[in-house]
Amino acid sequence: MNRRAFLSLTAGAALPAAGPKKPNIVVILADDFGYGSLNCYGADRKLIRTPHLDRLAKEGIRFTDANTPSSVCSPTRYGLITGRYCWRTALKYEVLATTAPLHIEPERLTVASLLKAEGYRTAAIGKWHLGYGTGKTDFTGDLRPGPLEIGFDDHFAVPQNHGDASGVYVENHRVAGLRSANKVPAGITPYGQKYMGIDAPQRVDINVMDVLTTRAVDWIRQQNKRTPFFLYFTPVAVHQPVTPSPATHGTSAAGALGDWIHDLDNSVGRILKALDDADVTQETLLVFTSDNGGVLQTTGDRPEALATQAGLHVNGDWRGGKHGIYEGGFRVPFLVRWPGKAPAGTTSAENISLVDLLATFAAVLGKPLPDASTTAEDSFNMLPAFLGKSSQTPIRNAIITHSADGVFAIRQGPWKFIEGKAAKPFDRVPAARRAELTPQLFNLPADPREQNNIVEQHPDVAQRLSALLNEGRAKGYTRS
């Protein structure tokens, strides 16, 4: 069943009905923000300070086993919005290019289209990185299909990454402030690429966080209290290039990366204040998380390395980080605040994935999803965990993760099995990650840092998990 068919069948249920107002929903998805990069997850307060994120932990639930479906950004963003693992699409490894077409099929049910059909006003503000149009993106033309075609009413974004080659913002279907189709002189991006030379106002890296946050705050202020809203806010911090604002420069003992973390925390604080000022905090479900683990660098003079040398463990005690197959690439902070629903100041060890948000939000609204073979294929309803309810039986039977090189891993109970095969050609796998290209098995409670590969000692477990992984791929869905 495609999105339109599902929404037409449920249109009657989408009509306003008597009873409590539907909760506003805010999802804040940080970029490359690791598990150990905020105080409530163990970061040393002598190095960095994250009071606004800590406020969310005090007023809600702090999850300790939340996972991204990928250890790199585009696939996770696809999974969050669609409830489907991105490796089921044509994107088998790495991320989408700046000029990639829209990666989400307009007919597919998304978090945004689900909520819009329920009367929500919807917005995607921040980093997008899921493409525009149907072919190679022409930033001088109409950028459709795009976010508005998959359920968002409003869109303002950095098209791909902080510091990307476009150098511009996109607003709804156009480059913001586009003056002409002419090329203009362009310099070099922080990544050594040449800017595209789009004839429009250019982004200034140290101002991007303020611009995006101001846009999100203004959007919240514009909402009618009688209409529920959904804000998908995706800050560029703390992705490279590390460009802290003048307001945070020099405020951290962890160097520029620590200052950049302060920018992220300040941004979250501004969102919280906007909700408070609009008097909607009590009726808003807010989720804060990240698209993957942090960049792990220990040597050299890059900001990530200097932060590590200062004592900041960006991914906590987990092994590895962004791009890789170990836990540091997937374990992320996950905070849920829902006043009167999510018990304040609590912790949950429920094993969840960011792909679970679609099914969970559908459950919040009492909306059954279509068959898992066609929609939200890998999304599980985590509403019981959001409400602080515990059970002896995990909600998920297993969770599948996928690295930037296209290496699969599967977790079930205490076990984690790494298949050890890459979708990316071997000669393109960085030498530092080629050790991941071998079958591995870990008992995470006994060996949380994944130091002891016990695949030879437990071949039966490895075989069982390998079969479960193959079943999830072959069947086309994992949601039960």
# chains A, B, ... in the order shown; residues from 1 in each chain; ligands from 1
$ closest_atom_pairs --of "region 48-80 of chain A" --to "region 130-144 of chain A" --cutoff "8 Å" --atoms "only C-alpha atoms" --output "CSV"
residue,atom,partner,partner_atom,distance
A:Ser74,CA,A:Leu130,CA,6.2
A:Arg77,CA,A:Leu130,CA,7.5
A:Tyr78,CA,A:Leu130,CA,7.1
$ residues_around --residues "Lys21 (chain A)" --least-positions-apart "3" --cutoff "12 Å" --atoms "only C-alpha atoms" --output "list in words"
Pro16, Ala17, Ala18, Asn24, Glu118, Gly119, Tyr120, Lys225, Arg226, Thr227, Pro228, Phe229, Val280, Gln282, Glu283, Thr284, Val364 and Leu365 of chain A
$ closest_residue --among "A:Ala359, A:Ala432, A:Ala30, A:Val204" --to "Tyr232 (chain A)" --atoms "only C-alpha atoms"
A:Ala30
$ select_by_dssp --residues "region 45-292 of chain A" --states "alpha helix (DSSP H)" --output "MDAnalysis selection string"
chainID A and resid 51:59 73:82 111:117 208:222 255:277
$ write_last_selection --atoms "C-alpha atoms" --output "PDB file, in the first residue's frame"
ATOM      1  CA  PRO A  51      22.970  22.636  30.655  1.00  0.00           C
ATOM      2  CA  HIS A  52      20.098  22.720  28.159  1.00  0.00           C
ATOM      3  CA  LEU A  53      20.565  19.096  27.108  1.00  0.00           C
ATOM      4  CA  ASP A  54      20.919  18.161  30.765  1.00  0.00           C
ATOM      5  CA  ARG A  55      17.601  19.916  31.384  1.00  0.00           C
ATOM      6  CA  LEU A  56      15.960  17.531  28.922  1.00  0.00           C
ATOM      7  CA  ALA A  57      17.423  14.568  30.818  1.00  0.00           C
ATOM      8  CA  LYS A  58      16.143  15.956  34.125  1.00  0.00           C
ATOM      9  CA  GLU A  59      12.677  16.575  32.694  1.00  0.00           C
ATOM     10  CA  CYS A  73      24.309  10.677   7.996  1.00  0.00           C
ATOM     11  CA  SER A  74      22.168  10.317   4.819  1.00  0.00           C
ATOM     12  CA  PRO A  75      21.136   6.704   5.537  1.00  0.00           C
ATOM     13  CA  THR A  76      20.133   7.543   9.102  1.00  0.00           C
ATOM     14  CA  ARG A  77      18.074  10.543   7.982  1.00  0.00           C
ATOM     15  CA  TYR A  78      16.303   8.394   5.413  1.00  0.00           C
ATOM     16  CA  GLY A  79      15.586   5.768   8.068  1.00  0.00           C
ATOM     17  CA  LEU A  80      14.259   8.248  10.619  1.00  0.00           C
ATOM     18  CA  ILE A  81      11.835   9.844   8.170  1.00  0.00           C
ATOM     19  CA  THR A  82      10.621   6.631   6.496  1.00  0.00           C
ATOM     20  CA  VAL A 111       6.763  10.849   9.572  1.00  0.00           C
ATOM     21  CA  ALA A 112       5.826  14.200   8.025  1.00  0.00           C
ATOM     22  CA  SER A 113       3.052  12.924   5.760  1.00  0.00           C
ATOM     23  CA  LEU A 114       1.611  10.811   8.579  1.00  0.00           C
ATOM     24  CA  LEU A 115       1.411  13.810  10.900  1.00  0.00           C
ATOM     25  CA  LYS A 116       0.243  16.221   8.206  1.00  0.00           C
ATOM     26  CA  ALA A 117      -2.706  13.909   7.493  1.00  0.00           C
ATOM     27  CA  VAL A 208      24.911  28.957  10.150  1.00  0.00           C
ATOM     28  CA  MET A 209      23.846  27.640  13.555  1.00  0.00           C
ATOM     29  CA  ASP A 210      22.350  30.992  14.492  1.00  0.00           C
ATOM     30  CA  VAL A 211      20.558  31.330  11.149  1.00  0.00           C
ATOM     31  CA  LEU A 212      19.012  27.861  11.377  1.00  0.00           C
ATOM     32  CA  THR A 213      18.071  28.159  15.038  1.00  0.00           C
ATOM     33  CA  THR A 214      16.510  31.589  14.512  1.00  0.00           C
ATOM     34  CA  ARG A 215      14.470  30.172  11.658  1.00  0.00           C
ATOM     35  CA  ALA A 216      13.249  27.287  13.835  1.00  0.00           C
ATOM     36  CA  VAL A 217      12.425  29.567  16.775  1.00  0.00           C
ATOM     37  CA  ASP A 218      10.520  31.949  14.523  1.00  0.00           C
ATOM     38  CA  TRP A 219       8.574  29.044  13.031  1.00  0.00           C
ATOM     39  CA  ILE A 220       7.522  27.865  16.497  1.00  0.00           C
ATOM     40  CA  ARG A 221       6.388  31.380  17.381  1.00  0.00           C
ATOM     41  CA  GLN A 222       4.256  31.563  14.244  1.00  0.00           C
ATOM     42  CA  GLY A 255      39.085  23.523  22.281  1.00  0.00           C
ATOM     43  CA  ALA A 256      37.107  24.416  19.182  1.00  0.00           C
ATOM     44  CA  LEU A 257      35.091  21.188  19.180  1.00  0.00           C
ATOM     45  CA  GLY A 258      34.010  21.882  22.742  1.00  0.00           C
ATOM     46  CA  ASP A 259      33.011  25.414  21.724  1.00  0.00           C
ATOM     47  CA  TRP A 260      31.028  23.910  18.826  1.00  0.00           C
ATOM     48  CA  ILE A 261      29.257  21.605  21.289  1.00  0.00           C
ATOM     49  CA  HIS A 262      28.345  24.712  23.289  1.00  0.00           C
ATOM     50  CA  ASP A 263      26.769  26.158  20.129  1.00  0.00           C
ATOM     51  CA  LEU A 264      24.633  23.038  19.809  1.00  0.00           C
ATOM     52  CA  ASP A 265      23.568  23.200  23.439  1.00  0.00           C
ATOM     53  CA  ASN A 266      22.737  26.914  23.117  1.00  0.00           C
ATOM     54  CA  SER A 267      20.643  26.114  20.047  1.00  0.00           C
ATOM     55  CA  VAL A 268      18.685  23.506  21.998  1.00  0.00           C
ATOM     56  CA  GLY A 269      18.230  26.063  24.773  1.00  0.00           C
ATOM     57  CA  ARG A 270      16.724  28.542  22.333  1.00  0.00           C
ATOM     58  CA  ILE A 271      14.265  25.908  21.090  1.00  0.00           C
ATOM     59  CA  LEU A 272      13.270  25.099  24.677  1.00  0.00           C
ATOM     60  CA  LYS A 273      12.792  28.793  25.433  1.00  0.00           C
ATOM     61  CA  ALA A 274      10.643  29.228  22.323  1.00  0.00           C
ATOM     62  CA  LEU A 275       8.395  26.394  23.512  1.00  0.00           C
ATOM     63  CA  ASP A 276       8.256  27.913  26.992  1.00  0.00           C
ATOM     64  CA  ASP A 277       7.483  31.392  25.637  1.00  0.00           C
TER      65      ASP A 277
END
$ residues_around --residues "Met196 (chain A)" --least-positions-apart "2" --cutoff "7 Å" --atoms "only C-alpha atoms" --output "NGL selection string"
:A and (165-166 or 186 or 194 or 198)
$ residues_around --residues "Pro445 (chain A)" --least-positions-apart "3" --cutoff "10 Å" --atoms "only C-alpha atoms" --output "VMD selection string"
chain A and resid 413 to 415 442 448 to 450
$ residues_around --residues "Val407 (chain A)" --least-positions-apart "6" --cutoff "7 Å" --atoms "only C-alpha atoms" --output "PyMOL selection string"
chain A and resi 325+419-423
$ residues_around --residues "Arg62 (chain A)" --least-positions-apart "3" --cutoff "10 Å" --atoms "only C-alpha atoms" --output "list in words"
Cys40, Tyr41, Asp54, Leu56, Ala57, Lys58, Glu59, Asp65, Ala66, Phe288, Pro333, Phe334, Leu335, Val336, Arg337, Ala344, Gly345, Thr346, Thr347, Ser348, Ala349 and Phe386 of chain A
$ residues_around --residues "Pro106 (chain A)" --least-positions-apart "3" --cutoff "8 Å" --atoms "only C-alpha atoms" --output "count of residues only"
3
$ closest_residue --among "A:Thr99, A:Gln240, A:Ser379, A:Asn207" --to "Gly83 (chain A)" --atoms "only C-alpha atoms"
A:Ser379
$ atom_distance --atom1 "CA of Tyr85 (chain A)" --atom2 "CA of Gln440 (chain A)"
21.9 Å
$ atom_distance --atom1 "CA of Gln309 (chain A)" --atom2 "CA of Ala254 (chain A)"
8.4 Å
$ closest_residue --among "A:Arg88, A:His313, A:His239, A:His129" --to "Gly36 (chain A)" --atoms "only C-alpha atoms"
A:His313
$ closest_residue --among "A:Glu94, A:Leu296, A:Asp31, A:Ala462" --to "Val429 (chain A)" --atoms "only C-alpha atoms"
A:Glu94
$ select_by_dssp --residues "region 294-479 of chain A" --states "strand (DSSP E or B)" --output "list in words"
Arg331, Phe334, Leu335, Val336, Arg337, Thr346, Thr347, Ser348, Ile352, Ser353, Ile399, Ile400, Thr401, His402, Phe408, Ala409, Ile410, Arg411, Gln412, Trp415, Lys416, Phe417, Ile418, Gln440, Leu441, Phe442 and Asn443 of chain A
$ write_last_selection --atoms "C-alpha atoms" --output "tab-separated table (two decimals), in the first residue's frame"
chain	number	residue	atom	x	y	z
A	331	ARG	CA	25.20	4.54	20.07
A	334	PHE	CA	18.54	9.94	22.99
A	335	LEU	CA	16.44	12.15	25.27
A	336	VAL	CA	12.65	12.14	25.39
A	337	ARG	CA	10.72	14.86	27.20
A	346	THR	CA	14.52	8.45	34.55
A	347	THR	CA	16.72	6.17	32.47
A	348	SER	CA	15.75	3.46	29.98
A	352	ILE	CA	15.80	1.28	20.13
A	353	SER	CA	16.67	2.58	16.67
A	399	ILE	CA	18.46	-4.46	15.50
A	400	ILE	CA	20.48	-4.16	12.28
A	401	THR	CA	23.19	-1.56	11.81
A	402	HIS	CA	25.19	-0.67	8.72
A	408	PHE	CA	26.32	-5.16	8.33
A	409	ALA	CA	26.02	-5.95	12.00
A	410	ILE	CA	23.09	-7.39	13.93
A	411	ARG	CA	22.37	-7.28	17.65
A	412	GLN	CA	20.11	-9.57	19.62
A	415	TRP	CA	25.15	-10.59	21.25
A	416	LYS	CA	26.49	-8.52	18.38
A	417	PHE	CA	27.53	-10.20	15.13
A	418	ILE	CA	29.51	-8.34	12.47
A	440	GLN	CA	33.22	-10.94	14.51
A	441	LEU	CA	31.07	-11.79	17.50
A	442	PHE	CA	30.90	-9.91	20.79
A	443	ASN	CA	29.01	-10.34	24.04
$ closest_residue --among "A:Gly163, A:Gly126, A:Pro439, A:Gly406" --to "Thr234 (chain A)" --atoms "only C-alpha atoms"
A:Gly126
